[in-house]
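Student: See upload-v2.txt below, with compact mmCIF, C-alpha atoms and all ligand atoms.
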# COMPACT_ATOMS: atom_id res chain seq x y z
CA GLU A 1 16.48 -33.90 28.44
CA THR A 2 18.29 -33.76 25.13
CA GLY A 3 18.07 -35.67 21.87
CA THR A 4 14.75 -36.26 20.21
CA ASP A 5 12.98 -38.37 22.82
CA ARG A 6 9.79 -36.35 23.17
CA SER A 7 9.47 -35.86 19.43
CA ALA A 8 10.08 -39.56 18.79
CA LYS A 9 7.33 -40.48 21.24
CA LEU A 10 4.94 -37.94 19.82
CA TYR A 11 5.62 -39.25 16.33
CA GLN A 12 4.76 -42.82 17.38
CA LYS A 13 1.38 -41.51 18.48
CA ALA A 14 0.98 -39.39 15.35
CA LEU A 15 1.66 -42.40 13.12
CA LYS A 16 -1.47 -44.05 14.47
CA LEU A 17 -3.56 -40.97 13.76
CA MET A 18 -2.42 -39.56 10.43
CA PRO A 19 -1.06 -41.21 7.27
CA GLY A 20 2.70 -40.88 7.65
CA GLY A 21 2.02 -39.25 11.01
CA CYS A 22 1.41 -35.78 9.63
CA SER A 23 -0.88 -33.51 7.65
CA ARG A 24 1.86 -32.09 5.43
CA ASN A 25 4.69 -34.19 4.05
CA THR A 26 7.07 -31.22 4.11
CA VAL A 27 7.58 -31.48 7.89
CA LEU A 28 8.81 -35.07 7.84
CA ARG A 29 12.39 -35.92 8.78
CA LYS A 30 14.08 -39.22 9.48
CA PRO A 31 13.86 -41.03 11.84
CA ASN A 32 11.13 -38.74 13.14
CA PRO A 33 10.08 -35.12 12.67
CA LEU A 34 10.80 -32.63 15.43
CA TYR A 35 7.93 -30.74 16.98
CA ALA A 36 7.93 -26.98 17.41
CA GLU A 37 7.52 -25.44 20.83
CA SER A 38 7.82 -21.73 20.11
CA ALA A 39 9.53 -19.22 17.91
CA ALA A 40 10.54 -15.58 17.91
CA GLY A 41 12.25 -13.55 15.22
CA CYS A 42 14.36 -15.85 13.05
CA PHE A 43 14.70 -18.56 15.75
CA VAL A 44 12.55 -21.66 16.26
CA THR A 45 12.77 -23.80 19.39
CA ASP A 46 11.64 -27.44 19.27
CA ILE A 47 10.08 -29.35 22.16
CA GLU A 48 13.47 -30.80 23.06
CA GLY A 49 14.63 -27.26 23.74
CA THR A 50 16.94 -26.89 20.73
CA GLN A 51 16.92 -23.54 18.96
CA ARG A 52 17.71 -23.11 15.26
CA VAL A 53 17.90 -20.26 12.77
CA ASP A 54 14.92 -20.54 10.44
CA PHE A 55 15.68 -20.43 6.74
CA ALA A 56 12.56 -22.49 5.97
CA ASN A 57 10.15 -19.82 7.18
CA ASN A 58 7.19 -22.16 6.91
CA MET A 59 8.01 -23.01 3.30
CA ALA A 60 8.78 -19.40 2.37
CA ALA A 61 5.54 -18.14 3.90
CA LEU A 62 7.02 -15.91 6.61
CA ILE A 63 8.62 -12.63 5.66
CA HIS A 64 9.19 -11.14 9.13
CA GLY A 65 10.11 -14.36 10.91
CA HIS A 66 8.00 -15.49 13.87
CA ALA A 67 5.75 -13.65 16.28
CA HIS A 68 6.54 -10.18 14.98
CA PRO A 69 5.29 -7.85 17.77
CA GLU A 70 3.29 -5.62 15.42
CA ILE A 71 1.50 -8.57 13.81
CA VAL A 72 0.89 -10.21 17.20
CA THR A 73 -0.76 -7.01 18.44
CA GLN A 74 -3.01 -6.65 15.40
CA VAL A 75 -4.06 -10.30 15.43
CA SER A 76 -4.65 -10.34 19.21
CA GLU A 77 -6.91 -7.30 18.94
CA GLN A 78 -8.87 -8.93 16.13
CA LEU A 79 -9.20 -12.23 18.02
CA GLN A 80 -10.91 -10.41 20.88
CA LYS A 81 -13.47 -9.15 18.39
CA GLY A 82 -14.11 -12.49 16.69
CA SER A 83 -12.34 -14.45 14.00
CA ALA A 84 -14.90 -15.07 11.26
CA PHE A 85 -18.36 -13.80 10.42
CA THR A 86 -20.98 -14.22 7.74
CA LEU A 87 -20.42 -10.53 7.15
CA ALA A 88 -17.69 -8.75 5.25
CA THR A 89 -15.18 -6.77 7.31
CA GLU A 90 -13.43 -3.44 7.00
CA ALA A 91 -10.15 -5.35 7.32
CA GLU A 92 -10.81 -7.03 3.97
CA VAL A 93 -11.44 -3.73 2.20
CA ASP A 94 -8.35 -2.15 3.76
CA TYR A 95 -6.15 -5.06 2.75
CA ALA A 96 -7.59 -5.23 -0.77
CA GLU A 97 -6.80 -1.51 -1.13
CA HIS A 98 -3.26 -2.02 0.09
CA LEU A 99 -2.42 -4.97 -2.18
CA CYS A 100 -3.98 -3.32 -5.24
CA SER A 101 -1.87 -0.21 -4.55
CA ARG A 102 1.32 -2.29 -4.81
CA ASN A 103 0.92 -3.27 -8.47
CA SER A 104 -0.65 -1.23 -11.28
CA GLY A 105 -1.85 -4.48 -12.88
CA PHE A 106 -4.03 -5.30 -9.86
CA ASP A 107 -7.33 -3.62 -10.77
CA LYS A 108 -9.32 -6.03 -8.64
CA ILE A 109 -8.49 -8.71 -6.08
CA ARG A 110 -10.18 -11.61 -4.30
CA PHE A 111 -8.92 -13.49 -1.25
CA VAL A 112 -8.91 -17.26 -0.78
CA ASN A 113 -7.29 -19.59 1.77
CA SER A 114 -4.24 -21.14 0.13
CA GLY A 115 -1.90 -20.93 -2.81
CA THR A 116 -3.53 -24.04 -4.27
CA GLU A 117 -6.88 -22.27 -4.19
CA ALA A 118 -5.42 -19.08 -5.67
CA VAL A 119 -3.94 -20.95 -8.66
CA MET A 120 -7.11 -23.00 -9.09
CA SER A 121 -9.21 -19.84 -9.08
CA CYS A 122 -6.93 -18.22 -11.69
CA LEU A 123 -7.30 -21.25 -13.98
CA LYS A 124 -11.07 -21.38 -13.54
CA ALA A 125 -11.36 -17.63 -14.10
CA SER A 126 -9.29 -18.00 -17.28
CA ARG A 127 -11.56 -20.75 -18.56
CA ALA A 128 -14.67 -18.78 -17.69
CA TYR A 129 -13.31 -15.68 -19.44
CA THR A 130 -12.12 -17.41 -22.61
CA GLY A 131 -14.63 -20.25 -22.81
CA ARG A 132 -11.70 -22.63 -23.38
CA ALA A 133 -10.70 -25.70 -21.40
CA LYS A 134 -6.93 -26.16 -21.74
CA ILE A 135 -4.17 -24.64 -19.68
CA ALA A 136 -0.42 -24.56 -20.37
CA LYS A 137 2.20 -24.87 -17.65
CA VAL A 138 5.96 -25.24 -17.35
CA GLU A 139 7.43 -28.74 -17.03
CA GLY A 140 8.10 -29.66 -13.41
CA ALA A 141 6.79 -26.45 -11.87
CA TYR A 142 4.87 -26.80 -8.61
CA HIS A 143 1.61 -24.86 -8.41
CA GLY A 144 -0.28 -26.66 -5.62
CA LEU A 145 -2.67 -29.58 -5.65
CA TYR A 146 -5.39 -28.70 -8.19
CA ASP A 147 -5.55 -31.57 -10.73
CA TYR A 148 -4.61 -29.43 -13.73
CA ALA A 149 -1.91 -27.38 -11.99
CA GLU A 150 -0.34 -30.45 -10.48
CA VAL A 151 0.73 -32.49 -13.51
CA SER A 152 4.26 -32.95 -14.79
CA GLN A 153 6.40 -33.06 -11.69
CA THR A 154 6.87 -36.74 -11.34
CA ALA A 155 10.09 -38.07 -9.91
CA SER A 156 10.30 -40.70 -12.62
CA PRO A 157 12.42 -39.47 -15.57
CA ALA A 158 11.19 -42.38 -17.72
CA THR A 159 7.76 -40.71 -17.91
CA TRP A 160 8.92 -37.25 -18.99
CA GLY A 161 8.88 -37.76 -22.76
CA GLU A 162 10.70 -35.72 -25.39
CA VAL A 163 12.30 -32.40 -24.40
CA SER A 164 10.54 -30.83 -27.37
CA SER A 165 7.12 -32.07 -26.19
CA PRO A 166 7.08 -33.01 -22.50
CA ASN A 167 4.31 -35.36 -21.37
CA SER A 168 1.37 -34.35 -19.24
CA VAL A 169 2.24 -36.81 -16.46
CA PRO A 170 -0.02 -37.28 -13.43
CA VAL A 171 1.27 -36.90 -9.88
CA ALA A 172 -1.64 -38.54 -8.06
CA PHE A 173 -2.93 -41.97 -9.04
CA GLY A 174 -6.44 -41.70 -10.35
CA THR A 175 -6.00 -38.31 -12.00
CA PRO A 176 -8.59 -38.40 -14.81
CA GLN A 177 -7.14 -38.77 -18.29
CA ALA A 178 -9.46 -35.94 -19.31
CA ALA A 179 -7.63 -33.61 -16.90
CA LEU A 180 -4.25 -34.67 -18.29
CA ASP A 181 -5.45 -34.10 -21.85
CA ASP A 182 -6.34 -30.53 -20.95
CA VAL A 183 -2.83 -29.64 -19.75
CA VAL A 184 -0.17 -28.58 -22.23
CA VAL A 185 3.36 -28.82 -20.83
CA ILE A 186 6.09 -26.45 -22.05
CA PRO A 187 9.84 -26.47 -21.32
CA PHE A 188 11.18 -23.67 -19.09
CA ASN A 189 13.12 -20.74 -20.57
CA ASP A 190 13.02 -22.26 -24.05
CA ALA A 191 10.86 -19.80 -25.96
CA PRO A 192 11.12 -21.40 -29.43
CA ARG A 193 10.14 -24.87 -28.19
CA ALA A 194 7.47 -23.50 -25.87
CA ILE A 195 5.87 -21.45 -28.65
CA ALA A 196 5.98 -24.40 -31.06
CA ILE A 197 4.04 -26.46 -28.50
CA LEU A 198 1.56 -23.67 -27.77
CA ASP A 199 0.97 -23.22 -31.51
CA LYS A 200 -0.36 -26.78 -31.68
CA HIS A 201 -3.14 -25.77 -29.27
CA LYS A 202 -4.21 -22.44 -30.73
CA GLN A 203 -7.87 -21.63 -30.02
CA GLU A 204 -7.89 -24.21 -27.20
CA LEU A 205 -5.84 -22.61 -24.46
CA ALA A 206 -7.49 -20.59 -21.70
CA CYS A 207 -4.17 -19.50 -20.23
CA VAL A 208 -0.46 -19.99 -19.84
CA LEU A 209 0.57 -20.38 -16.19
CA VAL A 210 4.11 -19.47 -15.18
CA ASP A 211 6.15 -18.99 -12.00
CA LEU A 212 8.94 -16.44 -12.49
CA LEU A 213 11.33 -18.30 -10.15
CA PRO A 214 10.07 -21.88 -9.95
CA HIS A 215 11.52 -23.75 -7.00
CA ARG A 216 11.27 -27.30 -8.42
CA VAL A 217 12.60 -26.17 -11.78
CA GLY A 218 15.82 -25.26 -9.98
CA LEU A 219 15.04 -21.82 -8.53
CA ILE A 220 16.34 -20.10 -11.63
CA PRO A 221 14.66 -16.91 -12.87
CA ALA A 222 12.47 -16.99 -15.97
CA SER A 223 14.29 -15.15 -18.74
CA THR A 224 12.78 -11.92 -19.99
CA GLU A 225 12.80 -13.39 -23.49
CA PHE A 226 10.73 -16.39 -22.32
CA VAL A 227 8.19 -14.31 -20.42
CA VAL A 228 7.83 -11.76 -23.24
CA ALA A 229 7.31 -14.60 -25.73
CA LEU A 230 4.54 -16.09 -23.55
CA ARG A 231 2.93 -12.67 -23.16
CA GLU A 232 2.98 -12.04 -26.91
CA TRP A 233 1.75 -15.50 -27.75
CA SER A 234 -1.16 -15.36 -25.34
CA GLU A 235 -2.15 -11.88 -26.49
CA ASN A 236 -2.08 -12.93 -30.14
CA ASN A 237 -4.03 -16.11 -29.51
CA GLY A 238 -6.82 -15.06 -27.19
CA ALA A 239 -5.35 -16.77 -24.13
CA LEU A 240 -4.55 -15.22 -20.76
CA LEU A 241 -1.17 -15.02 -19.05
CA VAL A 242 -1.22 -16.05 -15.38
CA PHE A 243 1.71 -15.58 -13.00
CA ASP A 244 1.98 -17.82 -9.95
CA GLU A 245 3.55 -15.46 -7.42
CA VAL A 246 2.57 -17.54 -4.40
CA ILE A 247 6.24 -17.64 -3.40
CA THR A 248 7.85 -14.98 -5.56
CA PHE A 249 5.69 -12.04 -4.52
CA ARG A 250 8.33 -11.46 -1.83
CA ASN A 251 10.92 -10.54 -4.47
CA GLY A 252 9.46 -7.18 -5.44
CA TYR A 253 7.15 -4.58 -3.91
CA GLY A 254 4.55 -5.54 -6.50
CA GLY A 255 5.91 -9.07 -6.94
CA ALA A 256 8.78 -10.54 -8.95
CA GLN A 257 6.87 -9.31 -12.01
CA ASP A 258 8.22 -5.81 -11.20
CA ASN A 259 11.40 -7.06 -12.90
CA TYR A 260 9.72 -7.90 -16.22
CA PRO A 261 8.39 -5.62 -18.96
CA VAL A 262 5.04 -7.43 -19.11
CA THR A 263 1.77 -7.37 -17.22
CA PRO A 264 -0.05 -10.67 -16.68
CA ASP A 265 -3.83 -10.86 -16.84
CA LEU A 266 -4.00 -12.57 -13.46
CA THR A 267 -1.59 -13.13 -10.57
CA ALA A 268 -1.94 -15.82 -7.90
CA MET A 269 -0.56 -15.00 -4.45
CA GLY A 270 -0.34 -16.74 -1.09
CA LYS A 271 2.16 -17.59 1.64
CA MET A 272 3.73 -14.38 3.00
CA ILE A 273 0.75 -12.13 2.21
CA GLY A 274 -1.08 -13.88 5.08
CA GLY A 275 1.31 -12.49 7.68
CA GLY A 276 1.69 -16.03 9.08
CA PHE A 277 -1.94 -17.16 8.58
CA PRO A 278 -3.54 -19.29 5.83
CA VAL A 279 -4.12 -17.22 2.73
CA GLY A 280 -4.32 -16.98 -1.01
CA ALA A 281 -5.36 -14.22 -3.38
CA LEU A 282 -5.84 -13.61 -7.05
CA ALA A 283 -5.60 -10.19 -8.63
CA GLY A 284 -5.58 -8.74 -12.10
CA LYS A 285 -7.47 -7.05 -14.87
CA SER A 286 -10.98 -5.84 -14.07
CA GLU A 287 -12.58 -7.42 -17.11
CA VAL A 288 -11.11 -10.82 -16.26
CA MET A 289 -11.75 -10.64 -12.51
CA ASP A 290 -15.33 -9.68 -13.38
CA VAL A 291 -16.14 -13.31 -14.28
CA MET A 292 -16.53 -13.71 -10.49
CA ASN A 293 -18.84 -10.71 -10.14
CA PRO A 294 -22.08 -11.98 -8.60
CA LEU A 295 -23.81 -8.72 -9.58
CA ASN A 296 -23.61 -9.60 -13.29
CA ASP A 297 -26.69 -11.03 -14.99
CA LYS A 298 -24.73 -14.13 -15.78
CA VAL A 299 -22.05 -15.17 -13.29
CA LEU A 300 -19.44 -17.02 -15.30
CA PHE A 301 -17.41 -18.26 -12.33
CA PRO A 302 -19.32 -18.43 -9.03
CA HIS A 303 -16.67 -18.11 -6.34
CA SER A 304 -16.84 -18.38 -2.56
CA GLY A 305 -15.02 -19.82 0.45
CA THR A 306 -16.09 -20.07 4.08
CA PHE A 307 -12.88 -18.64 5.52
CA SER A 308 -11.89 -16.45 2.57
CA ALA A 309 -10.86 -12.96 3.72
CA ASN A 310 -11.33 -13.85 7.39
CA PRO A 311 -10.35 -10.80 9.43
CA VAL A 312 -7.54 -12.53 11.33
CA THR A 313 -5.69 -13.23 8.10
CA MET A 314 -6.58 -9.80 6.75
CA VAL A 315 -5.14 -7.82 9.69
CA ALA A 316 -2.08 -10.09 9.90
CA GLY A 317 -1.47 -9.75 6.17
CA LEU A 318 -2.00 -6.01 6.10
CA SER A 319 0.38 -5.35 8.95
CA ALA A 320 3.02 -7.73 7.49
CA MET A 321 2.81 -6.11 4.08
CA ARG A 322 2.84 -2.55 5.45
CA LEU A 323 6.06 -3.47 7.23
CA PHE A 324 7.36 -4.91 3.96
CA ASP A 325 7.58 -1.52 2.25
CA THR A 326 9.78 -0.64 -0.74
CA GLU A 327 12.76 -0.04 1.52
CA ALA A 328 12.32 -3.37 3.34
CA VAL A 329 11.97 -5.21 0.02
CA ALA A 330 15.17 -3.68 -1.35
CA LYS A 331 17.05 -4.38 1.88
CA LEU A 332 15.94 -8.02 1.98
CA ASN A 333 16.84 -8.58 -1.67
CA ALA A 334 20.29 -7.08 -1.00
CA GLN A 335 20.69 -9.51 1.92
CA GLY A 336 19.77 -12.29 -0.52
CA ASP A 337 22.51 -11.18 -2.91
CA LYS A 338 24.94 -11.09 -0.02
CA LEU A 339 23.97 -14.57 1.17
CA ARG A 340 24.29 -16.11 -2.30
CA ALA A 341 27.76 -14.54 -2.57
CA ILE A 342 28.67 -15.92 0.85
CA ILE A 343 27.47 -19.38 -0.21
CA THR A 344 29.46 -19.15 -3.45
CA ASP A 345 32.55 -18.31 -1.39
CA ALA A 346 31.91 -21.27 0.89
CA ILE A 347 31.66 -23.56 -2.15
CA THR A 348 34.89 -22.14 -3.58
CA GLN A 349 36.62 -22.53 -0.24
CA ALA A 350 35.57 -26.17 0.07
CA ASP A 351 36.35 -26.66 -3.63
CA VAL A 352 33.40 -28.98 -4.29
CA PRO A 353 31.11 -29.51 -7.32
CA VAL A 354 28.19 -27.63 -5.75
CA CYS A 355 26.36 -24.50 -6.89
CA VAL A 356 23.78 -22.02 -5.67
CA THR A 357 20.79 -20.56 -7.51
CA GLY A 358 18.02 -18.17 -6.54
CA ALA A 359 17.11 -14.50 -6.65
CA GLY A 360 15.78 -11.87 -4.27
CA SER A 361 15.39 -13.38 -0.83
CA MET A 362 15.54 -17.02 -1.96
CA PHE A 363 18.35 -19.49 -2.55
CA ARG A 364 18.83 -23.15 -3.38
CA ILE A 365 22.01 -25.20 -3.08
CA HIS A 366 22.46 -27.93 -5.70
CA MET A 367 24.83 -30.88 -5.48
CA LYS A 368 25.93 -30.12 -9.05
CA ALA A 369 28.92 -28.22 -10.40
CA THR A 370 26.90 -26.00 -12.73
CA PRO A 371 23.55 -24.31 -12.15
CA PRO A 372 20.64 -26.16 -13.79
CA THR A 373 18.71 -24.51 -16.59
CA ASN A 374 15.44 -26.45 -16.43
CA TYR A 375 13.54 -29.14 -14.52
CA ARG A 376 15.37 -32.08 -16.09
CA ASP A 377 18.69 -30.47 -15.26
CA ALA A 378 17.65 -29.51 -11.73
CA PHE A 379 16.35 -32.96 -10.95
CA ALA A 380 18.60 -34.57 -8.33
CA SER A 381 20.01 -37.98 -9.20
CA PRO A 382 19.76 -40.57 -6.41
CA GLN A 383 23.38 -39.81 -5.43
CA GLU A 384 22.77 -36.05 -5.48
CA ALA A 385 19.59 -36.47 -3.46
CA LYS A 386 21.50 -38.47 -0.85
CA LEU A 387 24.16 -35.77 -0.57
CA MET A 388 21.55 -33.03 -0.47
CA THR A 389 19.81 -34.71 2.46
CA ALA A 390 23.18 -35.18 4.18
CA LEU A 391 23.87 -31.45 3.82
CA VAL A 392 20.38 -30.47 5.03
CA ASP A 393 20.90 -32.77 8.05
CA HIS A 394 24.33 -31.28 8.76
CA LEU A 395 22.89 -27.77 8.67
CA PHE A 396 19.97 -28.86 10.86
CA ASP A 397 22.24 -30.52 13.40
CA ASN A 398 24.30 -27.35 13.54
CA GLY A 399 21.46 -24.93 14.05
CA PHE A 400 19.92 -24.12 10.67
CA MET A 401 16.49 -25.14 9.39
CA MET A 402 16.25 -25.46 5.62
CA ILE A 403 13.56 -26.48 3.16
CA ASN A 404 14.36 -30.13 2.35
CA THR A 405 15.58 -29.37 -1.19
CA CYS A 406 18.40 -27.44 0.54
CA SER A 407 16.57 -24.21 -0.27
CA GLY A 408 16.03 -21.30 2.02
CA THR A 409 14.46 -17.89 2.32
CA LEU A 410 15.52 -14.86 4.28
CA SER A 411 13.31 -12.95 6.65
CA THR A 412 13.57 -9.26 7.53
CA VAL A 413 14.53 -10.06 11.11
CA MET A 414 17.77 -11.87 10.18
CA THR A 415 21.07 -10.11 10.66
CA ASP A 416 24.55 -10.44 9.15
CA LYS A 417 25.47 -12.52 12.16
CA GLU A 418 23.18 -15.39 11.09
CA LEU A 419 24.49 -15.21 7.52
CA THR A 420 28.13 -15.35 8.59
CA HIS A 421 27.46 -18.21 10.97
CA PHE A 422 25.61 -20.05 8.20
CA ALA A 423 28.66 -19.76 5.93
CA GLU A 424 30.91 -21.33 8.59
CA VAL A 425 28.57 -24.25 9.14
CA LEU A 426 28.13 -24.68 5.39
CA VAL A 427 31.88 -24.83 4.73
CA ALA A 428 32.24 -27.46 7.46
CA GLY A 429 29.41 -29.48 5.91
CA LEU A 430 30.82 -29.26 2.41
CA ASN A 431 34.28 -30.29 3.64
CA LYS A 432 32.74 -33.24 5.42
CA LEU A 433 30.93 -34.34 2.23
CA LYS A 434 33.87 -33.55 -0.06
CA PRO A 435 35.07 -37.15 -0.51
CA GLN A 436 31.59 -38.21 -1.67
CA LEU A 437 31.06 -35.05 -3.72
CA ASP A 438 34.35 -35.54 -5.55
CA ALA A 439 33.74 -39.24 -6.11
N1 LIG B 501 2.30 -22.21 -6.04
C1 LIG B 501 3.59 -22.18 -5.65
C2 LIG B 501 4.62 -21.57 -6.53
C3 LIG B 501 3.95 -22.75 -4.43
O1 LIG B 501 5.23 -22.74 -4.03
C4 LIG B 501 2.94 -23.30 -3.60
C5 LIG B 501 3.28 -23.91 -2.24
N2 LIG B 501 4.54 -24.44 -2.09
C6 LIG B 501 1.62 -23.29 -4.05
C7 LIG B 501 1.34 -22.73 -5.27
C8 LIG B 501 0.53 -23.88 -3.22
O2 LIG B 501 0.31 -23.12 -2.08
P1 LIG B 501 -0.39 -23.76 -0.79
O3 LIG B 501 0.57 -24.74 -0.21
O4 LIG B 501 -0.65 -22.57 0.11
O5 LIG B 501 -1.66 -24.39 -1.25
Hey, can you dump this file as structure tokens for me?
Tutor:
Amino acid sequence: ETGTDRSAKLYQKALKLMPGGCSRNTVLRKPNPLYAESAAGCFVTDIEGTQRVDFANNMAALIHGHAHPEIVTQVSEQLQKGSAFTLATEAEVDYAEHLCSRNSGFDKIRFVNSGTEAVMSCLKASRAYTGRAKIAKVEGAYHGLYDYAEVSQTASPATWGEVSSPNSVPVAFGTPQAALDDVVVIPFNDAPRAIAILDKHKQELACVLVDLLPHRVGLIPASTEFVVALREWSENNGALLVFDEVITFRNGYGGAQDNYPVTPDLTAMGKMIGGGFPVGALAGKSEVMDVMNPLNDKVLFPHSGTFSANPVTMVAGLSAMRLFDTEAVAKLNAQGDKLRAIITDAITQADVPVCVTGAGSMFRIHMKATPPTNYRDAFASPQEAKLMTALVDHLFDNGFMMINTCSGTLSTVMTDKELTHFAEVLVAGLNKLKPQLDA
């Protein structure tokens, strides 16, 4: 049986059970999503029996592809012993020790269950530490679903406001105005404008939250100048600097922050540090992390979670991260450089107004001639969005799974063979779309 018959049927059933037929919008495809059967290494097989190379890696959450034998062994052993207790485990202590050893700015760490929760905990810890309510974030950057972290990534340009003072625009209907009023939005990589905005909220800001390679902002690296300016401003004004490394932690042994001459007060992590299981973590300076210390007379930020630091995630994460040593990180980043060069060649060969951005093991293909520099730039026009989906579909139909913004991440189990094959399929796709791209 070929085609998408089984998936189509399953989706009809799912539509009656879940809004939109799913629990996460990211898996949707038209006319129906495909359902996974199994996966190994960098290949995923759907229930129709079609195998594809996986550049989506569960939204950048898998660093060693699927079912890595070492991780499977560790997790299987743990499952035999139980998956969650109302007791701490040695696995948690071991993993905390490992992650703290990767970054000299990680004095203390706490585990949670998602990136959303990690960012939320960083913001709440910042408020508890400073006694201030407001947070600042970059326009358009995605940081998960917490009310405050979520604002300013609406798809409606009319709501954005002035470049010099972007609006705090809600994503979800019903977001309290009070929440919006407590979020200060700054433009990406524009230090003078960002500082001018921050200056208007001196004494009010608990922290400045920034992703060093924000996907929705175009997957372009934060400039050193921008990050240094935010570090200096926060230090001089009693605010904390928080890095969201939920995705970018994969780009350096101690996170993408290894590439910058600054140390944040707190770092949010998630995705790949779970070794394939749900996870989040926040780490940083002792005195800040101490707001969560239940042994203090006054606990400024009481913090718990039923499945936080569950031993299945802990052993999976520890074995994944041990495998992702300095050598593996360097090798994967070099593969990323190679792939972006290959993509650039494919674009040149097809001679189309398309470009590629990214860094480390991540890339994003834009249906634009020049790389965007901020969220407004990166935003796909309706025509660009149509072409982007057409390219994602072409890649999918020819054996490559992408994130639906035409972004992808590498995993350590990919070889040059997959990269070369990707380039061939990409050139064919770009040639096919050339008449529309040139129009
Ligand atoms: N921050 C960033 C930068 C992310 O990319 C994501 C997830 N895409 C999150 C936070 C939220 O993580 P989660 O989906 O695990 O809640």
Student: Here's a test: counting all atoms listed in the file, identify every protein, DNA and RNA residue with an atom at most 10 Å from (-18.6, -17.7, 8.5) in the file's coordinate frame, and state them as a ChimeraX atom specification.
Tutor: /A:83-88,305-308,310
Student: Please return as a ChimeraX atom specification the residues found within 10 Å of ligand LIG 501 (chain B), counting all atoms listed in the file.
Tutor: /A:24,26,58-61,112-120,141-146,149-150,210-216,243-249,268-272,278-280
Student: Hey, can you check how far atom CA of Asn32 of chain A sits from atom CA of Phe55 of chain A?
Tutor: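 Interatomic distance, atom CA of Asn32 of chain A to atom CA of Phe55 of chain A: 19.9 Å.
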Student: Hey, can you check how far atom CA of Ala194 of chain A sits from atom CA of Val138 of chain A?
Tutor: 8.8 Å
Student: Can you work out which one of A:Pro166, A:Ile63, A:Gly174, A:Ala428 has the shortest atom-to-atom distance to Met362 of chain A, counting only C-alpha atoms?
Tutor: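 Distance minimum relative to Met362 of chain A lands on A:Ile63.
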Student: Quote the spacing between atom CA of Val315 of chain A and atom CA of Ala359 of chain A in Å to one decimal place.
Tutor: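 Atom CA of Ala359 of chain A lies 28.4 Å from atom CA of Val315 of chain A.
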Student: May I have the protein, DNA and RNA residues with any atom at most 12 Å from the point (18.3, -26.4, 4.9), counting all atoms listed in the file, written as a ChimeraX atom specification?
Tutor: /A:29,52-57,59,362-366,388-410,422,425-426,429
Student: Residues near Ala39 of chain A, anyone? I mean within 6 Å using only C-alpha atoms, not counting same-chain ones fewer than 5 positions away, as a list in words.
Tutor: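 Close residues of Ala39 of chain A: Val44, Thr45 and His66 of chain A.
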Student: Taking into account only C-alpha atoms, which residue in the set A:Leu437, A:Val291, A:Leu198, A:Ala281 is nearest to Arg127 of chain A?
Tutor: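 The closest residue to Arg127 of chain A is A:Val291.
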Student: For Ser223 of chain A, which residue among A:Leu205, A:Asn189, A:Arg340, A:Ser23 is the nearest when counting all atoms listed in the file?
Tutor: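 Among the listed residues, the smallest separation from Ser223 of chain A belongs to A:Asn189.
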Student: Quick one: of A:Glu418, A:Asp438, A:Leu219, A:Ala334, who's nearest to Thr373 of chain A, counting all atoms listed in the file?
Tutor: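 Of the candidates, the smallest distance to Thr373 of chain A is held by A:Leu219.
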Student: Need to verify the contact set: segment 72-75 of chain A, 7 Å, all atoms listed in the file, exclusion of same-chain residues closer than 5 positions in sequence. Can you return it as a ChimeraX atom specification?
Tutor: /A:67,312,315-316
Student: Have a look at A:Gln51, A:Ser38, A:Thr267, A:Ser156 and name the one nearest to Pro382 of chain A; count only C-alpha atoms.
Tutor: A:Ser156
Student: Of the candidates A:Gly252, A:Gly274, A:Gly140, A:Gly21, which one gets nearest to Pro157 of chain A if we count all atoms listed in the file?
Tutor: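 Among the listed residues, the smallest separation from Pro157 of chain A belongs to A:Gly140.
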Student: Residues at most 7 Å from segment 224-226 of chain A, counting all atoms listed in the file, excluding those fewer than 6 positions away in the same chain, as a compact mmCIF listing (two decimals) with C-alpha atoms, in the coordinates of the input?
Tutor:
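File out_30.txt, as written:
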# COMPACT_ATOMS: atom_id res chain seq x y z
CA ASN A 189 13.12 -20.74 -20.57
CA ASP A 190 13.02 -22.26 -24.05
CA ALA A 191 10.86 -19.80 -25.96
CA TYR A 260 9.72 -7.90 -16.22
